[in-house]
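Engineer: What follows is upload.csv, CSV, C-alpha atoms.
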chain,number,residue,atom,x,y,z
A,893,MET,CA,121.1,74.7,122.4
A,894,ARG,CA,118.5,75.0,119.7
A,895,ILE,CA,119.5,76.7,116.4
A,896,LEU,CA,117.4,77.9,113.5
A,897,GLY,CA,119.2,78.4,110.2
A,898,VAL,CA,117.4,80.4,107.5
A,899,ASP,CA,118.3,80.8,103.8
A,900,PRO,CA,116.1,83.7,102.7
A,901,GLY,CA,114.4,84.1,99.4
A,902,LEU,CA,111.2,85.9,98.3
A,903,GLY,CA,110.1,82.8,96.4
A,904,ILE,CA,111.6,80.1,98.6
A,905,THR,CA,113.0,80.5,102.1
A,906,GLY,CA,114.7,77.4,103.5
A,907,TYR,CA,114.9,76.8,107.2
A,908,GLY,CA,116.2,74.1,109.5
A,909,VAL,CA,116.0,73.7,113.3
A,910,ILE,CA,118.5,71.5,115.1
A,911,GLU,CA,119.2,70.6,118.7
A,912,ALA,CA,122.9,70.5,119.4
A,913,ASP,CA,125.0,69.4,122.4
A,914,LYS,CA,123.9,67.5,125.4
A,915,THR,CA,123.2,70.6,127.4
A,916,PRO,CA,119.6,70.2,128.2
A,917,PRO,CA,117.5,73.1,127.0
A,918,SER,CA,115.7,74.9,129.7
A,919,LYS,CA,112.0,74.6,130.0
A,920,GLU,CA,111.6,78.1,128.5
A,921,LEU,CA,113.2,76.7,125.5
A,922,GLY,CA,110.5,74.2,124.9
A,923,GLY,CA,111.3,71.1,126.9
A,924,SER,CA,114.4,68.9,126.9
A,925,ILE,CA,115.6,66.6,124.2
A,926,PRO,CA,118.9,65.0,125.3
A,927,VAL,CA,121.6,65.1,122.7
A,928,ASP,CA,125.1,63.7,123.1
A,929,LYS,CA,128.1,66.0,122.9
A,930,GLY,CA,128.9,66.6,119.3
A,931,GLN,CA,125.7,65.0,118.2
A,932,PHE,CA,122.9,66.9,116.5
A,933,LYS,CA,119.2,66.2,116.2
A,934,LEU,CA,117.1,67.5,113.3
A,935,LEU,CA,113.9,68.9,114.8
A,936,GLU,CA,112.3,70.3,111.6
A,937,ALA,CA,113.4,71.6,108.2
A,938,GLY,CA,111.5,72.7,105.2
A,939,ILE,CA,110.7,75.6,102.9
A,940,ILE,CA,108.3,78.5,103.1
A,941,LYS,CA,107.1,79.2,99.5
A,942,SER,CA,105.3,82.0,97.9
A,943,SER,CA,104.2,82.6,94.3
A,944,SER,CA,105.2,85.5,92.1
A,945,ARG,CA,101.5,85.8,91.3
A,946,GLN,CA,100.8,87.0,94.9
A,947,ALA,CA,101.3,90.6,95.8
A,948,LEU,CA,104.5,91.5,97.7
A,949,PRO,CA,102.7,92.3,101.0
A,950,GLU,CA,101.0,89.0,100.9
A,951,ARG,CA,104.2,87.1,100.1
A,952,LEU,CA,106.1,88.8,102.9
A,953,SER,CA,103.2,88.4,105.3
A,954,ARG,CA,103.1,84.6,104.6
A,955,LEU,CA,106.8,84.4,105.3
A,956,TYR,CA,106.5,86.5,108.5
A,957,LYS,CA,103.7,84.3,109.9
A,958,ALA,CA,105.2,81.0,109.0
A,959,LEU,CA,108.6,81.8,110.4
A,960,SER,CA,107.1,83.3,113.6
A,961,ASP,CA,105.2,80.1,114.1
A,962,ILE,CA,108.4,78.0,113.7
A,963,ILE,CA,110.1,80.3,116.3
A,964,ARG,CA,107.2,80.0,118.7
A,965,GLN,CA,107.1,76.3,118.3
A,966,TYR,CA,110.8,75.5,118.7
A,967,LYS,CA,112.0,78.5,120.7
A,968,PRO,CA,115.6,78.5,119.2
A,969,SER,CA,118.1,80.7,121.0
A,970,SER,CA,119.8,81.7,117.7
A,971,LEU,CA,118.7,82.5,114.2
A,972,ILE,CA,121.5,82.2,111.7
A,973,LEU,CA,121.7,84.0,108.4
A,974,GLU,CA,124.4,84.3,105.8
A,975,THR,CA,126.3,87.6,105.8
A,976,LEU,CA,125.6,89.8,102.9
A,977,TYR,CA,128.3,89.8,100.2
A,978,SER,CA,129.6,93.0,98.7
A,979,HIS,CA,128.8,91.8,95.2
A,980,TYR,CA,126.0,89.8,93.8
A,981,LYS,CA,125.9,88.5,90.2
A,982,HIS,CA,122.1,88.8,89.9
A,983,GLN,CA,121.3,92.1,91.4
A,984,MET,CA,117.5,91.9,91.2
A,985,THR,CA,117.5,88.4,92.8
A,986,ALA,CA,119.7,89.8,95.6
A,987,ILE,CA,117.3,92.7,96.1
A,988,ALA,CA,114.3,90.4,96.2
A,989,MET,CA,116.2,88.2,98.7
A,990,ALA,CA,116.9,91.3,100.8
A,991,HIS,CA,113.1,92.0,101.1
A,992,ALA,CA,112.7,88.5,102.6
A,993,ARG,CA,115.9,88.9,104.7
A,994,GLY,CA,114.5,92.1,106.2
A,995,VAL,CA,111.3,90.4,107.2
A,996,ILE,CA,113.3,87.5,108.8
A,997,ALA,CA,115.5,89.8,110.8
A,998,LEU,CA,112.3,91.7,111.9
A,999,CYS,CA,110.9,88.3,113.1
A,1000,ALA,CA,114.1,87.7,115.1
A,1001,GLY,CA,113.7,91.1,116.7
A,1002,ASN,CA,110.2,90.2,118.0
A,1003,PHE,CA,111.6,87.4,120.2
A,1004,ALA,CA,113.6,88.8,123.0
A,1005,ARG,CA,115.7,85.7,123.7
A,1006,LEU,CA,116.5,85.0,120.0
A,1007,ASN,CA,119.9,86.2,118.8
A,1008,LEU,CA,120.5,86.9,115.2
A,1009,VAL,CA,124.0,85.6,114.1
A,1010,ASN,CA,125.6,86.0,110.7
A,1011,TYR,CA,128.4,83.9,109.1
A,1012,SER,CA,129.8,84.2,105.6
A,1013,ALA,CA,129.0,81.5,103.1
A,1014,LYS,CA,132.7,80.5,103.1
A,1015,ARG,CA,132.9,80.1,106.9
A,1016,VAL,CA,129.7,78.0,106.9
A,1017,LYS,CA,131.0,75.7,104.2
A,1018,LYS,CA,134.4,75.4,105.9
A,1019,ALA,CA,132.9,74.7,109.3
A,1020,VAL,CA,130.5,72.0,107.9
A,1021,THR,CA,132.5,70.3,105.1
A,1022,GLY,CA,136.0,71.5,105.8
A,1023,ASN,CA,136.1,73.2,102.5
A,1024,GLY,CA,135.2,76.9,102.1
A,1025,ASN,CA,134.5,76.4,98.4
A,1026,ALA,CA,132.3,73.2,98.7
A,1027,SER,CA,129.5,72.9,96.2
A,1028,LYS,CA,125.9,73.0,97.2
A,1029,MET,CA,125.7,69.2,96.5
A,1030,GLN,CA,128.8,68.6,98.8
A,1031,VAL,CA,127.1,70.7,101.5
A,1032,ALA,CA,123.9,68.8,101.1
A,1033,ARG,CA,125.7,65.4,101.3
A,1034,THR,CA,127.7,66.5,104.4
A,1035,VAL,CA,124.5,67.8,106.1
A,1036,GLN,CA,122.8,64.4,105.3
A,1037,GLY,CA,125.7,62.5,106.9
A,1038,ILE,CA,126.0,64.7,110.0
A,1039,LEU,CA,122.2,64.5,110.7
A,1040,LYS,CA,122.0,60.8,109.6
A,1041,LEU,CA,119.2,61.6,107.2
A,1042,LYS,CA,117.8,58.8,105.1
A,1043,LYS,CA,117.4,61.2,102.1
A,1044,LEU,CA,119.4,64.1,100.8
A,1045,PRO,CA,117.9,67.3,102.0
A,1046,ASP,CA,116.1,68.9,99.1
A,1047,PRO,CA,115.9,71.6,97.7
A,1048,TYR,CA,119.3,73.2,98.4
A,1049,ASP,CA,117.4,76.0,100.3
A,1050,VAL,CA,116.9,73.4,103.0
A,1051,SER,CA,120.5,71.9,103.1
A,1052,ASP,CA,121.9,75.5,103.0
A,1053,ALA,CA,119.7,76.4,106.0
A,1054,LEU,CA,120.7,73.3,107.9
A,1055,ALA,CA,124.4,74.0,107.1
A,1056,LEU,CA,124.0,77.4,108.8
A,1057,SER,CA,122.5,75.8,111.9
A,1058,LEU,CA,125.3,73.1,112.0
A,1059,ALA,CA,128.1,75.7,111.4
A,1060,HIS,CA,126.8,77.7,114.4
A,1061,ALA,CA,126.8,74.6,116.6
A,1062,TYR,CA,130.4,73.7,115.6
A,1063,ILE,CA,131.6,77.3,116.1
A,1064,MET,CA,129.8,77.5,119.5
A,1065,GLN,CA,131.3,74.2,120.6
A,1066,GLY,CA,134.7,75.6,119.7
A,1067,ARG,CA,135.3,72.9,117.2
A,1068,LYS,CA,135.8,75.2,114.2
B,1348,MET,CA,91.6,110.1,99.7
B,1349,ARG,CA,94.4,109.8,102.1
B,1350,ILE,CA,97.8,108.8,100.7
B,1351,LEU,CA,101.1,107.7,102.4
B,1352,GLY,CA,104.2,107.9,100.3
B,1353,VAL,CA,107.3,106.1,101.6
B,1354,ASP,CA,110.9,106.4,100.6
B,1355,PRO,CA,112.6,103.4,102.2
B,1356,GLY,CA,116.1,103.3,103.7
B,1357,LEU,CA,117.7,101.2,106.4
B,1358,GLY,CA,119.2,104.4,107.9
B,1359,ILE,CA,116.5,106.9,107.0
B,1360,THR,CA,113.0,106.2,105.7
B,1361,GLY,CA,111.1,109.3,104.6
B,1362,TYR,CA,107.3,109.4,104.7
B,1363,GLY,CA,104.6,111.8,103.9
B,1364,VAL,CA,100.8,111.6,104.4
B,1365,ILE,CA,98.5,113.8,102.3
B,1366,GLU,CA,94.8,114.3,102.0
B,1367,ALA,CA,93.8,114.8,98.4
B,1368,ASP,CA,90.6,115.8,96.6
B,1369,LYS,CA,87.4,117.2,98.2
B,1370,THR,CA,85.8,113.8,98.6
B,1371,PRO,CA,85.3,113.7,102.4
B,1372,PRO,CA,87.1,110.8,103.9
B,1373,SER,CA,84.8,108.4,105.7
B,1374,LYS,CA,84.7,108.1,109.4
B,1375,GLU,CA,86.7,104.9,109.3
B,1376,LEU,CA,89.4,106.9,107.6
B,1377,GLY,CA,89.8,109.1,110.7
B,1378,GLY,CA,87.5,112.0,110.4
B,1379,SER,CA,86.8,114.5,107.6
B,1380,ILE,CA,89.1,117.2,106.4
B,1381,PRO,CA,87.5,119.0,103.5
B,1382,VAL,CA,90.0,119.6,100.6
B,1383,ASP,CA,89.0,121.4,97.4
B,1384,LYS,CA,89.3,119.5,94.1
B,1385,GLY,CA,92.9,119.5,93.0
B,1386,GLN,CA,94.0,120.8,96.4
B,1387,PHE,CA,96.2,118.8,98.7
B,1388,LYS,CA,96.7,119.0,102.4
B,1389,LEU,CA,99.8,117.8,104.2
B,1390,LEU,CA,98.8,115.8,107.2
B,1391,GLU,CA,102.3,114.7,108.4
B,1392,ALA,CA,105.7,114.1,107.0
B,1393,GLY,CA,109.0,113.2,108.4
B,1394,ILE,CA,111.7,110.6,108.7
B,1395,ILE,CA,112.2,107.3,110.6
B,1396,LYS,CA,115.8,107.0,111.5
B,1397,SER,CA,118.0,104.3,112.8
B,1398,SER,CA,121.7,104.1,113.6
B,1399,SER,CA,124.2,101.7,112.1
B,1400,ARG,CA,125.3,101.0,115.7
B,1401,GLN,CA,122.0,99.3,116.3
B,1402,ALA,CA,121.5,95.6,115.4
B,1403,LEU,CA,119.6,94.9,112.3
B,1404,PRO,CA,116.5,93.4,114.0
B,1405,GLU,CA,116.3,96.4,116.3
B,1406,ARG,CA,116.6,98.9,113.3
B,1407,LEU,CA,113.9,97.0,111.4
B,1408,SER,CA,111.7,96.7,114.4
B,1409,ARG,CA,111.8,100.4,115.0
B,1410,LEU,CA,110.8,101.1,111.4
B,1411,TYR,CA,108.0,98.5,111.5
B,1412,LYS,CA,106.6,100.0,114.7
B,1413,ALA,CA,106.9,103.7,113.7
B,1414,LEU,CA,105.3,103.1,110.3
B,1415,SER,CA,102.5,100.9,111.7
B,1416,ASP,CA,101.8,103.8,114.2
B,1417,ILE,CA,101.5,106.3,111.3
B,1418,ILE,CA,99.2,104.0,109.4
B,1419,ARG,CA,97.0,103.4,112.5
B,1420,GLN,CA,96.9,107.2,113.1
B,1421,TYR,CA,96.1,108.4,109.6
B,1422,LYS,CA,94.5,105.3,108.0
B,1423,PRO,CA,95.7,106.0,104.4
B,1424,SER,CA,94.0,104.0,101.7
B,1425,SER,CA,97.2,103.7,99.6
B,1426,LEU,CA,100.9,103.3,100.5
B,1427,ILE,CA,103.1,104.3,97.6
B,1428,LEU,CA,106.6,103.0,97.0
B,1429,GLU,CA,109.0,103.5,94.1
B,1430,THR,CA,109.3,100.6,91.7
B,1431,LEU,CA,112.6,98.7,91.9
B,1432,TYR,CA,115.0,99.5,89.2
B,1433,SER,CA,116.8,96.8,87.3
B,1434,HIS,CA,120.1,98.4,88.0
B,1435,TYR,CA,121.5,100.1,91.1
B,1436,LYS,CA,124.8,101.9,91.1
B,1437,HIS,CA,125.5,101.1,94.8
B,1438,GLN,CA,124.5,97.5,95.2
B,1439,MET,CA,125.0,97.3,99.0
B,1440,THR,CA,122.9,100.4,99.5
B,1441,ALA,CA,120.2,98.9,97.3
B,1442,ILE,CA,120.3,95.7,99.3
B,1443,ALA,CA,120.1,97.6,102.7
B,1444,MET,CA,117.2,99.6,101.2
B,1445,ALA,CA,115.5,96.4,100.2
B,1446,HIS,CA,115.6,95.1,103.8
B,1447,ALA,CA,113.6,98.2,104.8
B,1448,ARG,CA,111.3,98.0,101.8
B,1449,GLY,CA,110.4,94.4,102.7
B,1450,VAL,CA,109.4,95.5,106.2
B,1451,ILE,CA,107.4,98.4,104.8
B,1452,ALA,CA,105.5,96.1,102.4
B,1453,LEU,CA,104.9,93.7,105.3
B,1454,CYS,CA,103.4,96.7,107.3
B,1455,ALA,CA,101.1,97.4,104.3
B,1456,GLY,CA,100.0,93.8,104.3
B,1457,ASN,CA,98.9,94.0,107.9
B,1458,PHE,CA,96.2,96.6,107.1
B,1459,ALA,CA,93.4,95.1,105.1
B,1460,ARG,CA,92.2,98.4,103.5
B,1461,LEU,CA,95.6,99.7,102.6
B,1462,ASN,CA,96.8,99.1,99.0
B,1463,LEU,CA,100.4,99.0,98.0
B,1464,VAL,CA,101.0,100.9,94.8
B,1465,ASN,CA,104.3,101.3,92.9
B,1466,TYR,CA,105.4,103.9,90.4
B,1467,SER,CA,108.8,104.4,88.7
B,1468,ALA,CA,110.9,107.3,89.8
B,1469,LYS,CA,110.5,108.8,86.3
B,1470,ARG,CA,106.7,108.6,86.4
B,1471,VAL,CA,106.6,110.3,89.8
B,1472,LYS,CA,108.9,113.1,88.7
B,1473,LYS,CA,106.9,113.6,85.5
B,1474,ALA,CA,103.6,113.6,87.3
B,1475,VAL,CA,104.7,116.1,89.9
B,1476,THR,CA,107.2,118.4,88.1
B,1477,GLY,CA,106.3,117.7,84.5
B,1478,ASN,CA,109.9,116.5,83.9
B,1479,GLY,CA,110.8,112.8,84.3
B,1480,ASN,CA,114.4,113.7,84.9
B,1481,ALA,CA,113.9,116.5,87.5
B,1482,SER,CA,116.6,116.8,90.1
B,1483,LYS,CA,115.9,116.1,93.8
B,1484,MET,CA,116.0,119.8,94.5
B,1485,GLN,CA,113.5,120.5,91.7
B,1486,VAL,CA,111.2,117.8,93.1
B,1487,ALA,CA,111.5,119.3,96.6
B,1488,ARG,CA,110.7,122.8,95.3
B,1489,THR,CA,107.7,121.6,93.4
B,1490,VAL,CA,106.4,119.7,96.4
B,1491,GLN,CA,106.9,122.8,98.5
B,1492,GLY,CA,104.9,124.8,96.0
B,1493,ILE,CA,102.0,122.3,95.6
B,1494,LEU,CA,101.6,121.9,99.4
B,1495,LYS,CA,102.2,125.6,100.1
B,1496,LEU,CA,104.9,124.8,102.7
B,1497,LYS,CA,106.8,127.7,104.3
B,1498,LYS,CA,110.0,125.7,104.2
B,1499,LEU,CA,111.6,123.4,101.7
B,1500,PRO,CA,110.9,119.8,102.8
B,1501,ASP,CA,114.2,118.5,104.2
B,1502,PRO,CA,115.9,116.0,103.8
B,1503,TYR,CA,115.2,114.7,100.3
B,1504,ASP,CA,113.8,111.5,101.9
B,1505,VAL,CA,110.8,113.6,102.9
B,1506,SER,CA,110.3,115.5,99.6
B,1507,ASP,CA,110.7,112.2,97.7
B,1508,ALA,CA,108.1,110.5,99.9
B,1509,LEU,CA,105.7,113.5,99.4
B,1510,ALA,CA,106.3,113.4,95.7
B,1511,LEU,CA,105.1,109.8,95.7
B,1512,SER,CA,101.9,110.7,97.5
B,1513,LEU,CA,101.3,113.7,95.2
B,1514,ALA,CA,102.0,111.6,92.1
B,1515,HIS,CA,99.5,109.0,93.1
B,1516,ALA,CA,96.9,111.7,93.8
B,1517,TYR,CA,97.4,113.3,90.3
B,1518,ILE,CA,97.3,109.9,88.6
B,1519,MET,CA,94.1,108.9,90.5
B,1520,GLN,CA,92.5,112.2,89.6
B,1521,GLY,CA,93.3,111.4,86.0
B,1522,ARG,CA,95.3,114.6,85.7
B,1523,LYS,CA,98.6,112.8,84.7
If you convert what's in this file into structure tokens, what do you get?
Structural biologist:
Amino acid sequence: MRILGVDPGLGITGYGVIEADKTPPSKELGGSIPVDKGQFKLLEAGIIKSSSRQALPERLSRLYKALSDIIRQYKPSSLILETLYSHYKHQMTAIAMAHARGVIALCAGNFARLNLVNYSAKRVKKAVTGNGNASKMQVARTVQGILKLKKLPDPYDVSDALALSLAHAYIMQGRK
Amino acid sequence: MRILGVDPGLGITGYGVIEADKTPPSKELGGSIPVDKGQFKLLEAGIIKSSSRQALPERLSRLYKALSDIIRQYKPSSLILETLYSHYKHQMTAIAMAHARGVIALCAGNFARLNLVNYSAKRVKKAVTGNGNASKMQVARTVQGILKLKKLPDPYDVSDALALSLAHAYIMQGRK
């Protein structure tokens, strides 16, 4: 199963694609990369960036195209986003994020076999680190350990996106 | 000059396309409808609706397609949105609205000759009614009068969208 976690932001959107489980992905899902049960393979992770000097349509268009390319390339079966909270400390940041989140959800809607799945931040942290209140650094270190990465994923937009992918894999495998 | 005002919402997005000024629109802009200086013609107005029973990608995809169709049909040169406030009373409503607003701005970005323009709610009300603090009903009645509509535009999502179009026309004509 191939999973794309996305941490939306108008300035920086983090993403991470993993292959989970040894179930071989079907050919429609872009070839087969064998992965042992409970093992995960990082396929690609990174950020999609835009500058506040660019106009809003341009920024969102860049995000839309970059994310669509990633989906076309890796053909994930699920796109994972964090559930919205009922209360954000920085309202304008949350509203800017929601512009990006809308465009990401629209992307997901364009690919018929791609499901959009939401988990709360707490559930993601709990599934990945065992602690629903883990810090971003603890999440990043745990993600690094699980995926056997040489370097700590950086920035947090990337580790948070990978944590979403991993949480979905754990939850789907019935391990959390 | 052809102007599309949009009042974004995840549940209901209002829109209104007007033709302003007597400058004949070029053929690329979809034929010529002569309008006297300072006169406006309503071309189309309405709402794009989605249900909270639908999944988010489906709702946004519906909005994206419907608005793209309107832009392709009427070929406006400007798409007008209200500027974001720094403070919303209902945070979750504002965040839902921002999902739709992101998709609308993305739509605008897909059409090379379409400019996205923002005005504050106060400036729109002032330009259209003369009073920056006009109520939604006062805005609707003024819009009805300017466009010589038989019926009051309804719901407010439509009159608010038309007020955005009219405000832009007034501001462009240097009258406000």
Engineer: Wanna dump the chain B-chain A contacts at 7 Å for me, each residue with its shortest atom pair and the distance in Å to one decimal, counting only C-alpha atoms, ordered by chain and number, as JSON lines?
Structural biologist:
{"residue": "B:Leu1403", "atom": "CA", "partner": "A:Ala997", "partner_atom": "CA", "distance": 6.7}
{"residue": "B:Pro1404", "atom": "CA", "partner": "A:Gly1001", "partner_atom": "CA", "distance": 4.5}
{"residue": "B:Glu1405", "atom": "CA", "partner": "A:Gly1001", "partner_atom": "CA", "distance": 5.9}
{"residue": "B:Leu1407", "atom": "CA", "partner": "A:Leu998", "partner_atom": "CA", "distance": 5.6}
{"residue": "B:Ser1408", "atom": "CA", "partner": "A:Leu998", "partner_atom": "CA", "distance": 5.6}
{"residue": "B:Ser1433", "atom": "CA", "partner": "A:Met984", "partner_atom": "CA", "distance": 6.3}
{"residue": "B:Met1439", "atom": "CA", "partner": "A:Ser978", "partner_atom": "CA", "distance": 6.3}
{"residue": "B:Ala1441", "atom": "CA", "partner": "A:Ile987", "partner_atom": "CA", "distance": 6.9}
{"residue": "B:Ile1442", "atom": "CA", "partner": "A:Ile987", "partner_atom": "CA", "distance": 5.3}
{"residue": "B:Ala1445", "atom": "CA", "partner": "A:His991", "partner_atom": "CA", "distance": 5.1}
{"residue": "B:His1446", "atom": "CA", "partner": "A:Gly994", "partner_atom": "CA", "distance": 4.0}
{"residue": "B:Ala1447", "atom": "CA", "partner": "A:Gly994", "partner_atom": "CA", "distance": 6.3}
{"residue": "B:Arg1448", "atom": "CA", "partner": "A:His991", "partner_atom": "CA", "distance": 6.3}
{"residue": "B:Gly1449", "atom": "CA", "partner": "A:His991", "partner_atom": "CA", "distance": 4.0}
{"residue": "B:Val1450", "atom": "CA", "partner": "A:Val995", "partner_atom": "CA", "distance": 5.5}
{"residue": "B:Ala1452", "atom": "CA", "partner": "A:Pro949", "partner_atom": "CA", "distance": 4.9}
{"residue": "B:Leu1453", "atom": "CA", "partner": "A:Pro949", "partner_atom": "CA", "distance": 5.0}
{"residue": "B:Ala1455", "atom": "CA", "partner": "A:Pro949", "partner_atom": "CA", "distance": 6.3}
{"residue": "B:Gly1456", "atom": "CA", "partner": "A:Pro949", "partner_atom": "CA", "distance": 4.5}
Engineer: Around (109.2, 78.2, 101.7), as given in the file, which residues come within 10 Å? Count all atoms listed in the file and list them as a ChimeraX atom specification.
Structural biologist: /A:899-907,938-943,954-955,958-959,1049-1050
Engineer: Mind giving me the straight-line distance from atom CA of B:Tyr1517 to atom CA of B:Lys1497 in Å, one decimal?
Structural biologist: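 So the answer is 22.2 Å.
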Engineer: Please, what distance in Å, to one decimal, runs between atom CA of B:Met1519 and atom CA of B:Gln1485?
Structural biologist: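 Going from atom CA of B:Met1519 over to atom CA of B:Gln1485 covers 22.6 Å.
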Engineer: What is the distance, in Å and to one decimal place, between atom CA of A:Ala1004 and atom CA of A:Met893?
Structural biologist: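 Taking atom CA of A:Ala1004 as the start and atom CA of A:Met893 as the end point, the length is 16.0 Å.
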Engineer: Tell me which protein, DNA and RNA residues are within 12 Å of stretch 1474-1479 of chain B, counting all atoms listed in the file, leaving out same-chain ones fewer than 6 positions away, and put them as a CSV table (one decimal) with C-alpha atoms, in the coordinates of the input.
Structural biologist:
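Heads up, here's the output in around-v2.csv:
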chain,number,residue,atom,x,y,z
B,1466,TYR,CA,105.4,103.9,90.4
B,1467,SER,CA,108.8,104.4,88.7
B,1468,ALA,CA,110.9,107.3,89.8
B,1485,GLN,CA,113.5,120.5,91.7
B,1486,VAL,CA,111.2,117.8,93.1
B,1487,ALA,CA,111.5,119.3,96.6
B,1488,ARG,CA,110.7,122.8,95.3
B,1489,THR,CA,107.7,121.6,93.4
B,1490,VAL,CA,106.4,119.7,96.4
B,1491,GLN,CA,106.9,122.8,98.5
B,1492,GLY,CA,104.9,124.8,96.0
B,1493,ILE,CA,102.0,122.3,95.6
B,1494,LEU,CA,101.6,121.9,99.4
B,1506,SER,CA,110.3,115.5,99.6
B,1507,ASP,CA,110.7,112.2,97.7
B,1508,ALA,CA,108.1,110.5,99.9
B,1509,LEU,CA,105.7,113.5,99.4
B,1510,ALA,CA,106.3,113.4,95.7
B,1511,LEU,CA,105.1,109.8,95.7
B,1512,SER,CA,101.9,110.7,97.5
B,1513,LEU,CA,101.3,113.7,95.2
B,1514,ALA,CA,102.0,111.6,92.1
B,1515,HIS,CA,99.5,109.0,93.1
B,1516,ALA,CA,96.9,111.7,93.8
B,1517,TYR,CA,97.4,113.3,90.3
B,1518,ILE,CA,97.3,109.9,88.6
B,1519,MET,CA,94.1,108.9,90.5
B,1520,GLN,CA,92.5,112.2,89.6
B,1521,GLY,CA,93.3,111.4,86.0
B,1522,ARG,CA,95.3,114.6,85.7
B,1523,LYS,CA,98.6,112.8,84.7
Engineer: Taking 6 positions as the minimum chain separation for residues in the same chain, which residues sit within 7 Å of B:Val1364 when counting only C-alpha atoms? Answer as a list in words.
Structural biologist: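 My list of contacting residues is Ile1350, Leu1351, Gly1352, Leu1389, Leu1390, Glu1391 and Ala1392 of chain B.
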Engineer: Which one of A:Gln946, A:Lys1028, A:Asp913, A:Ile963 sits closest to A:Arg1005 if you count all atoms listed in the file?
Structural biologist: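 Smallest separation from A:Arg1005 among the options: A:Ile963.
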Engineer: Nearest residue to A:Ser970 out of A:Lys1017, A:Ala912, A:Lys933, A:Leu1006, using only C-alpha atoms?
Structural biologist: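 Counting only C-alpha atoms, the residue closest to A:Ser970 is A:Leu1006.
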